[in-house]
Amino acid sequence: SMVIETPGGVIHVDPVGGADLYAGLPDPVLILITHQHGDHFDLPTLEGLPAVRLITNAAVHDMLPDAMQERAIAMANGETVEAIGVRIEAVPACNVTEERLQYHPPGRDNGYVLTIGGSRFYIAGDTEPTPEMAALTDINVAFLPMNLPYTMTVQQAAEAVTAFRPLVVFPYHHRGSDLDEFARLVAQGGSGAEVIRADWYPGGKAG
């Protein structure tokens, strides 16, 4: 889960864990959901947050109560919308390794590229490297997952950074991964990307 402050208001991405966790933070004006797994889509949490616009993948949209569907937009891979002054592109988030396809099959889940004030932020969701990820351009900040068996290895994530060359990369959804090795491989790849380690798991809780 993450909270992003923009000039047009606050965006929540994949809020889970109960609305009380967000009580001390600014209220969102927009909520993005990448896919339906319980650590990304939690209906009780959404019901406890302000009734704002939602952007989801189609599978999550189908799971929403009618009243919530009325304020939600379902985005498919490749689609673009604008909300609160932010351009939002839905990009594929999926597994590509055969033995992992059951976790995040192609065509179902979204990552998002947000263009905010001329800067581009890539929130990958749960995914392995895809051709669309490698083809991304002008990404200022990327949030990349690396947790097996569901998403990328640190090697895959570092290779992705070398391919699309974000200025800054945040490992997230990385519990149990070797971030020292990730940073070493990113440096070795020569992209010049800066690796920033945020505290996604305060107190040992999932983030």
# chains A, B, ... in the order shown; residues from 1 in each chain; ligands from 1

call {"tool": "residues_around", "arguments": {"residues": "stretch 149-165 of chain A", "least_positions_apart": "6", "cutoff": "8 Å", "atoms": "only C-alpha atoms", "output": "PyMOL selection string"}}
result
chain A and resi 95+100+103-104+126-129+133-139+177-179+181-183+185-186+189-193

call {"tool": "write_last_selection", "arguments": {"atoms": "C-alpha atoms", "output": "compact mmCIF listing (two decimals), in the first residue's frame"}}
result
# COMPACT_ATOMS: atom_id res chain seq x y z
CA ASN A 95 3.83 -13.34 -14.51
CA ARG A 100 4.23 -18.74 -12.00
CA TYR A 103 -0.42 -16.13 -9.67
CA HIS A 104 -0.92 -13.20 -12.04
CA ASP A 126 2.58 -7.62 -8.80
CA THR A 127 4.49 -8.55 -11.93
CA GLU A 128 7.53 -10.04 -13.55
CA PRO A 129 9.35 -8.10 -16.27
CA MET A 133 7.84 -2.68 -18.77
CA ALA A 134 11.07 -2.84 -20.76
CA ALA A 135 9.63 -0.36 -23.27
CA LEU A 136 8.74 2.29 -20.68
CA THR A 137 10.41 5.66 -21.24
CA ASP A 138 11.10 8.76 -19.19
CA ILE A 139 10.22 7.18 -15.85
CA SER A 177 14.61 -10.33 -0.81
CA ASP A 178 18.28 -9.32 -0.75
CA LEU A 179 18.14 -5.57 -1.35
CA GLU A 181 22.21 -7.62 -4.04
CA PHE A 182 19.52 -5.70 -5.91
CA ALA A 183 21.40 -2.42 -5.41
CA LEU A 185 23.09 -5.42 -9.67
CA VAL A 186 21.44 -2.10 -10.48
CA GLY A 189 23.79 -2.57 -14.96
CA GLY A 190 24.94 0.98 -15.61
CA SER A 191 21.52 2.66 -15.76
CA GLY A 192 22.52 5.24 -13.17
CA ALA A 193 19.27 4.64 -11.27

call {"tool": "residues_around", "arguments": {"residues": "A:His12", "least_positions_apart": "2", "cutoff": "8 Å", "atoms": "only C-alpha atoms", "output": "ChimeraX atom specification"}}
result
/A:1-4,10,14-15,28,30-32

call {"tool": "write_last_selection", "arguments": {"atoms": "C-alpha atoms", "output": "mmCIF file, in the first residue's frame"}}
result
data_model
loop_
_atom_site.group_PDB
_atom_site.id
_atom_site.type_symbol
_atom_site.label_atom_id
_atom_site.label_comp_id
_atom_site.auth_asym_id
_atom_site.auth_seq_id
_atom_site.Cartn_x
_atom_site.Cartn_y
_atom_site.Cartn_z
ATOM 1 C CA SER A 1 0.000 0.000 0.000
ATOM 2 C CA MET A 2 1.133 3.540 -0.621
ATOM 3 C CA VAL A 3 -0.144 7.087 -0.254
ATOM 4 C CA ILE A 4 0.887 9.685 -2.836
ATOM 5 C CA VAL A 10 -3.930 12.475 -2.275
ATOM 6 C CA ASP A 14 -3.955 -0.713 -2.894
ATOM 7 C CA PRO A 15 -5.071 0.351 0.602
ATOM 8 C CA PRO A 28 -7.666 10.490 -0.528
ATOM 9 C CA LEU A 30 -8.625 8.987 -5.681
ATOM 10 C CA ILE A 31 -7.933 5.297 -5.000
ATOM 11 C CA LEU A 32 -6.111 2.948 -7.389
#

call {"tool": "residues_around", "arguments": {"residues": "A:Ile73", "least_positions_apart": "2", "cutoff": "7 Å", "atoms": "only C-alpha atoms", "output": "list in words"}}
result
Leu54, Ile55, Thr56, Arg71 and Met75 of chain A

call {"tool": "closest_residue", "arguments": {"among": "A:Asn57, A:Val96, A:Ala124, A:Glu132", "to": "A:Gln69", "atoms": "only C-alpha atoms"}}
result
A:Asn57

call {"tool": "select_by_dssp", "arguments": {"residues": "chain A", "states": "strand (DSSP E or B)", "output": "PyMOL selection string"}}
result
chain A and resi 2-6+9-13+28-32+53-56+72-74+80-83+86-93+109-116+119-123+141-145+168-172+194-195

call {"tool": "atom_distance", "arguments": {"atom1": "atom CA of A:Ala51", "atom2": "atom CA of A:Met68"}}
result
7.9 Å

call {"tool": "closest_residue", "arguments": {"among": "A:Cys94, A:Ala59, A:Ile116, A:Ala198", "to": "A:Phe143", "atoms": "only C-alpha atoms"}}
result
A:Ala198

call {"tool": "closest_residue", "arguments": {"among": "A:Asp20, A:Asp199, A:Glu79, A:Glu89", "to": "A:Thr115", "atoms": "only C-alpha atoms"}}
result
A:Glu89

call {"tool": "atom_distance", "arguments": {"atom1": "atom CA of A:Val29", "atom2": "atom CA of A:Val168"}}
result
25.6 Å

call {"tool": "atom_distance", "arguments": {"atom1": "atom CA of A:Ala83", "atom2": "atom CA of A:Arg197"}}
result
28.7 Å

call {"tool": "closest_residue", "arguments": {"among": "A:Val86, A:Val113, A:Ala23, A:Ile33", "to": "A:Val60", "atoms": "only C-alpha atoms"}}
result
A:Ile33

call {"tool": "residues_around", "arguments": {"residues": "A:Asn140", "least_positions_apart": "3", "cutoff": "6 Å", "atoms": "only C-alpha atoms", "output": "list of chain:residue names"}}
result
A:Arg120, A:Phe121, A:Pro166, A:Leu167

call {"tool": "closest_residue", "arguments": {"among": "A:Thr34, A:Gln102, A:Thr97, A:Gln188", "to": "A:Ala74", "atoms": "only C-alpha atoms"}}
result
A:Thr34

call {"tool": "closest_residue", "arguments": {"among": "A:Glu5, A:Asp39, A:Pro50, A:Pro44", "to": "A:Gly18", "atoms": "only C-alpha atoms"}}
result
A:Pro44

call {"tool": "select_by_dssp", "arguments": {"residues": "stretch 36-198 of chain A", "states": "helix (DSSP H, G or I)", "output": "NGL selection string"}}
result
:A and (43-48 or 58-63 or 66-69 or 98-100 or 131-134 or 154-164 or 179-189)

call {"tool": "write_last_selection", "arguments": {"atoms": "C-alpha atoms", "output": "mmCIF file, in the first residue's frame"}}
result
data_model
loop_
_atom_site.group_PDB
_atom_site.id
_atom_site.type_symbol
_atom_site.label_atom_id
_atom_site.label_comp_id
_atom_site.auth_asym_id
_atom_site.auth_seq_id
_atom_site.Cartn_x
_atom_site.Cartn_y
_atom_site.Cartn_z
ATOM 1 C CA LEU A 43 -13.164 -4.281 0.598
ATOM 2 C CA PRO A 44 -13.601 -3.526 4.339
ATOM 3 C CA THR A 45 -10.716 -1.048 4.130
ATOM 4 C CA LEU A 46 -12.255 0.639 1.083
ATOM 5 C CA GLU A 47 -15.626 0.843 2.844
ATOM 6 C CA GLY A 48 -13.960 2.672 5.736
ATOM 7 C CA ALA A 58 -11.848 -5.233 -14.493
ATOM 8 C CA ALA A 59 -11.685 -8.197 -12.107
ATOM 9 C CA VAL A 60 -11.786 -5.958 -9.016
ATOM 10 C CA HIS A 61 -14.505 -3.787 -10.559
ATOM 11 C CA ASP A 62 -16.712 -6.878 -10.851
ATOM 12 C CA MET A 63 -16.218 -7.590 -7.132
ATOM 13 C CA ASP A 66 -23.114 -1.619 -6.725
ATOM 14 C CA ALA A 67 -22.718 1.719 -4.962
ATOM 15 C CA MET A 68 -18.940 1.498 -5.198
ATOM 16 C CA GLN A 69 -19.083 0.442 -8.848
ATOM 17 C CA GLU A 98 5.456 -20.651 -16.939
ATOM 18 C CA GLU A 99 5.418 -22.100 -13.439
ATOM 19 C CA ARG A 100 4.234 -18.742 -11.997
ATOM 20 C CA PRO A 131 7.909 -6.317 -22.791
ATOM 21 C CA GLU A 132 5.749 -3.309 -21.893
ATOM 22 C CA MET A 133 7.841 -2.684 -18.772
ATOM 23 C CA ALA A 134 11.068 -2.845 -20.758
ATOM 24 C CA VAL A 154 16.155 -9.358 -7.510
ATOM 25 C CA GLN A 155 18.013 -10.287 -10.704
ATOM 26 C CA GLN A 156 14.885 -9.816 -12.840
ATOM 27 C CA ALA A 157 14.113 -6.505 -11.151
ATOM 28 C CA ALA A 158 17.655 -5.237 -11.702
ATOM 29 C CA GLU A 159 17.555 -6.291 -15.350
ATOM 30 C CA ALA A 160 14.286 -4.389 -15.736
ATOM 31 C CA VAL A 161 15.899 -1.262 -14.286
ATOM 32 C CA THR A 162 18.739 -1.620 -16.783
ATOM 33 C CA ALA A 163 16.178 -1.902 -19.594
ATOM 34 C CA PHE A 164 13.893 1.071 -18.884
ATOM 35 C CA LEU A 179 18.140 -5.571 -1.349
ATOM 36 C CA ASP A 180 21.924 -5.268 -1.076
ATOM 37 C CA GLU A 181 22.214 -7.624 -4.036
ATOM 38 C CA PHE A 182 19.525 -5.699 -5.909
ATOM 39 C CA ALA A 183 21.396 -2.421 -5.406
ATOM 40 C CA ARG A 184 24.657 -4.048 -6.489
ATOM 41 C CA LEU A 185 23.087 -5.419 -9.669
ATOM 42 C CA VAL A 186 21.437 -2.101 -10.481
ATOM 43 C CA ALA A 187 24.785 -0.339 -10.154
ATOM 44 C CA GLN A 188 26.433 -3.041 -12.252
ATOM 45 C CA GLY A 189 23.790 -2.568 -14.961
#

call {"tool": "residues_around", "arguments": {"residues": "A:Ile196", "least_positions_apart": "4", "cutoff": "8 Å", "atoms": "only C-alpha atoms", "output": "PyMOL selection string"}}
result
chain A and resi 168-171

call {"tool": "decode", "arguments": {"residues": "stretch 139-175 of chain A", "atoms": "N, CA and C atoms", "output": "PDB file, in the first residue's frame"}}
result
ATOM      1  N   ILE A 139      10.756   7.427 -17.187  1.00  0.00           N
ATOM      2  CA  ILE A 139      10.224   7.175 -15.847  1.00  0.00           C
ATOM      3  C   ILE A 139      11.139   7.837 -14.813  1.00  0.00           C
ATOM      4  N   ASN A 140      10.569   8.736 -14.034  1.00  0.00           N
ATOM      5  CA  ASN A 140      11.353   9.390 -12.989  1.00  0.00           C
ATOM      6  C   ASN A 140      11.506   8.510 -11.757  1.00  0.00           C
ATOM      7  N   VAL A 141      10.401   7.873 -11.334  1.00  0.00           N
ATOM      8  CA  VAL A 141      10.422   7.037 -10.136  1.00  0.00           C
ATOM      9  C   VAL A 141       9.668   5.745 -10.428  1.00  0.00           C
ATOM     10  N   ALA A 142      10.280   4.607 -10.091  1.00  0.00           N
ATOM     11  CA  ALA A 142       9.646   3.307 -10.293  1.00  0.00           C
ATOM     12  C   ALA A 142       9.561   2.570  -8.964  1.00  0.00           C
ATOM     13  N   PHE A 143       8.432   1.915  -8.734  1.00  0.00           N
ATOM     14  CA  PHE A 143       8.226   1.049  -7.582  1.00  0.00           C
ATOM     15  C   PHE A 143       8.119  -0.377  -8.109  1.00  0.00           C
ATOM     16  N   LEU A 144       9.109  -1.218  -7.769  1.00  0.00           N
ATOM     17  CA  LEU A 144       9.188  -2.564  -8.340  1.00  0.00           C
ATOM     18  C   LEU A 144       9.102  -3.621  -7.251  1.00  0.00           C
ATOM     19  N   PRO A 145       8.268  -4.671  -7.470  1.00  0.00           N
ATOM     20  CA  PRO A 145       8.160  -5.760  -6.503  1.00  0.00           C
ATOM     21  C   PRO A 145       9.229  -6.808  -6.740  1.00  0.00           C
ATOM     22  N   MET A 146       9.603  -7.484  -5.694  1.00  0.00           N
ATOM     23  CA  MET A 146      10.541  -8.610  -5.832  1.00  0.00           C
ATOM     24  C   MET A 146      10.330  -9.556  -4.664  1.00  0.00           C
ATOM     25  N   ASN A 147       9.376 -10.436  -4.822  1.00  0.00           N
ATOM     26  CA  ASN A 147       9.143 -11.448  -3.793  1.00  0.00           C
ATOM     27  C   ASN A 147       8.716 -12.743  -4.479  1.00  0.00           C
ATOM     28  N   LEU A 148       9.456 -13.779  -4.224  1.00  0.00           N
ATOM     29  CA  LEU A 148       9.171 -15.076  -4.854  1.00  0.00           C
ATOM     30  C   LEU A 148       8.178 -15.861  -4.004  1.00  0.00           C
ATOM     31  N   PRO A 149       7.361 -16.693  -4.677  1.00  0.00           N
ATOM     32  CA  PRO A 149       7.370 -16.990  -6.115  1.00  0.00           C
ATOM     33  C   PRO A 149       6.446 -16.103  -6.923  1.00  0.00           C
ATOM     34  N   TYR A 150       5.936 -15.034  -6.317  1.00  0.00           N
ATOM     35  CA  TYR A 150       4.811 -14.329  -6.927  1.00  0.00           C
ATOM     36  C   TYR A 150       5.214 -13.268  -7.943  1.00  0.00           C
ATOM     37  N   THR A 151       6.363 -12.632  -7.753  1.00  0.00           N
ATOM     38  CA  THR A 151       6.734 -11.550  -8.665  1.00  0.00           C
ATOM     39  C   THR A 151       8.161 -11.784  -9.182  1.00  0.00           C
ATOM     40  N   MET A 152       9.034 -10.793  -9.025  1.00  0.00           N
ATOM     41  CA  MET A 152      10.366 -10.869  -9.626  1.00  0.00           C
ATOM     42  C   MET A 152      11.421 -11.341  -8.639  1.00  0.00           C
ATOM     43  N   THR A 153      12.458 -11.914  -9.178  1.00  0.00           N
ATOM     44  CA  THR A 153      13.688 -12.092  -8.422  1.00  0.00           C
ATOM     45  C   THR A 153      14.412 -10.744  -8.397  1.00  0.00           C
ATOM     46  N   VAL A 154      15.380 -10.603  -7.508  1.00  0.00           N
ATOM     47  CA  VAL A 154      16.155  -9.358  -7.510  1.00  0.00           C
ATOM     48  C   VAL A 154      16.904  -9.216  -8.829  1.00  0.00           C
ATOM     49  N   GLN A 155      17.317 -10.346  -9.416  1.00  0.00           N
ATOM     50  CA  GLN A 155      18.013 -10.287 -10.704  1.00  0.00           C
ATOM     51  C   GLN A 155      17.086  -9.771 -11.802  1.00  0.00           C
ATOM     52  N   GLN A 156      15.843 -10.294 -11.847  1.00  0.00           N
ATOM     53  CA  GLN A 156      14.885  -9.816 -12.840  1.00  0.00           C
ATOM     54  C   GLN A 156      14.598  -8.322 -12.661  1.00  0.00           C
ATOM     55  N   ALA A 157      14.417  -7.912 -11.414  1.00  0.00           N
ATOM     56  CA  ALA A 157      14.113  -6.505 -11.151  1.00  0.00           C
ATOM     57  C   ALA A 157      15.272  -5.608 -11.582  1.00  0.00           C
ATOM     58  N   ALA A 158      16.497  -6.032 -11.301  1.00  0.00           N
ATOM     59  CA  ALA A 158      17.655  -5.237 -11.702  1.00  0.00           C
ATOM     60  C   ALA A 158      17.788  -5.179 -13.220  1.00  0.00           C
ATOM     61  N   GLU A 159      17.515  -6.292 -13.883  1.00  0.00           N
ATOM     62  CA  GLU A 159      17.555  -6.291 -15.350  1.00  0.00           C
ATOM     63  C   GLU A 159      16.500  -5.356 -15.929  1.00  0.00           C
ATOM     64  N   ALA A 160      15.330  -5.310 -15.290  1.00  0.00           N
ATOM     65  CA  ALA A 160      14.286  -4.389 -15.736  1.00  0.00           C
ATOM     66  C   ALA A 160      14.739  -2.945 -15.600  1.00  0.00           C
ATOM     67  N   VAL A 161      15.391  -2.623 -14.488  1.00  0.00           N
ATOM     68  CA  VAL A 161      15.899  -1.262 -14.286  1.00  0.00           C
ATOM     69  C   VAL A 161      16.903  -0.912 -15.383  1.00  0.00           C
ATOM     70  N   THR A 162      17.775  -1.854 -15.711  1.00  0.00           N
ATOM     71  CA  THR A 162      18.739  -1.620 -16.783  1.00  0.00           C
ATOM     72  C   THR A 162      18.037  -1.363 -18.108  1.00  0.00           C
ATOM     73  N   ALA A 163      16.893  -2.034 -18.328  1.00  0.00           N
ATOM     74  CA  ALA A 163      16.178  -1.902 -19.594  1.00  0.00           C
ATOM     75  C   ALA A 163      15.468  -0.558 -19.721  1.00  0.00           C
ATOM     76  N   PHE A 164      14.692  -0.141 -18.676  1.00  0.00           N
ATOM     77  CA  PHE A 164      13.893   1.071 -18.884  1.00  0.00           C
ATOM     78  C   PHE A 164      14.435   2.297 -18.159  1.00  0.00           C
ATOM     79  N   ARG A 165      15.472   2.145 -17.369  1.00  0.00           N
ATOM     80  CA  ARG A 165      16.309   3.228 -16.876  1.00  0.00           C
ATOM     81  C   ARG A 165      15.538   4.335 -16.130  1.00  0.00           C
ATOM     82  N   PRO A 166      14.816   3.984 -15.069  1.00  0.00           N
ATOM     83  CA  PRO A 166      14.219   5.051 -14.247  1.00  0.00           C
ATOM     84  C   PRO A 166      15.310   5.839 -13.540  1.00  0.00           C
ATOM     85  N   LEU A 167      15.007   7.066 -13.171  1.00  0.00           N
ATOM     86  CA  LEU A 167      15.993   7.852 -12.431  1.00  0.00           C
ATOM     87  C   LEU A 167      16.145   7.340 -11.009  1.00  0.00           C
ATOM     88  N   VAL A 168      15.005   6.935 -10.415  1.00  0.00           N
ATOM     89  CA  VAL A 168      14.978   6.453  -9.035  1.00  0.00           C
ATOM     90  C   VAL A 168      14.138   5.189  -9.006  1.00  0.00           C
ATOM     91  N   VAL A 169      14.553   4.213  -8.193  1.00  0.00           N
ATOM     92  CA  VAL A 169      13.757   2.993  -8.044  1.00  0.00           C
ATOM     93  C   VAL A 169      13.600   2.660  -6.567  1.00  0.00           C
ATOM     94  N   PHE A 170      12.371   2.397  -6.181  1.00  0.00           N
ATOM     95  CA  PHE A 170      12.049   1.930  -4.832  1.00  0.00           C
ATOM     96  C   PHE A 170      11.700   0.444  -4.907  1.00  0.00           C
ATOM     97  N   PRO A 171      12.463  -0.452  -4.283  1.00  0.00           N
ATOM     98  CA  PRO A 171      11.959  -1.812  -4.100  1.00  0.00           C
ATOM     99  C   PRO A 171      10.747  -1.766  -3.171  1.00  0.00           C
ATOM    100  N   TYR A 172       9.685  -2.460  -3.546  1.00  0.00           N
ATOM    101  CA  TYR A 172       8.542  -2.598  -2.630  1.00  0.00           C
ATOM    102  C   TYR A 172       7.971  -3.994  -2.801  1.00  0.00           C
ATOM    103  N   HIS A 173       7.131  -4.382  -1.844  1.00  0.00           N
ATOM    104  CA  HIS A 173       6.622  -5.760  -1.868  1.00  0.00           C
ATOM    105  C   HIS A 173       7.807  -6.739  -1.985  1.00  0.00           C
ATOM    106  N   HIS A 174       8.770  -6.551  -1.080  1.00  0.00           N
ATOM    107  CA  HIS A 174      10.061  -7.236  -1.254  1.00  0.00           C
ATOM    108  C   HIS A 174      10.433  -8.144  -0.086  1.00  0.00           C
ATOM    109  N   ARG A 175       9.510  -8.478   0.784  1.00  0.00           N
ATOM    110  CA  ARG A 175       9.856  -9.206   1.999  1.00  0.00           C
ATOM    111  C   ARG A 175      10.701 -10.444   1.684  1.00  0.00           C
TER     112      ARG A 175
END
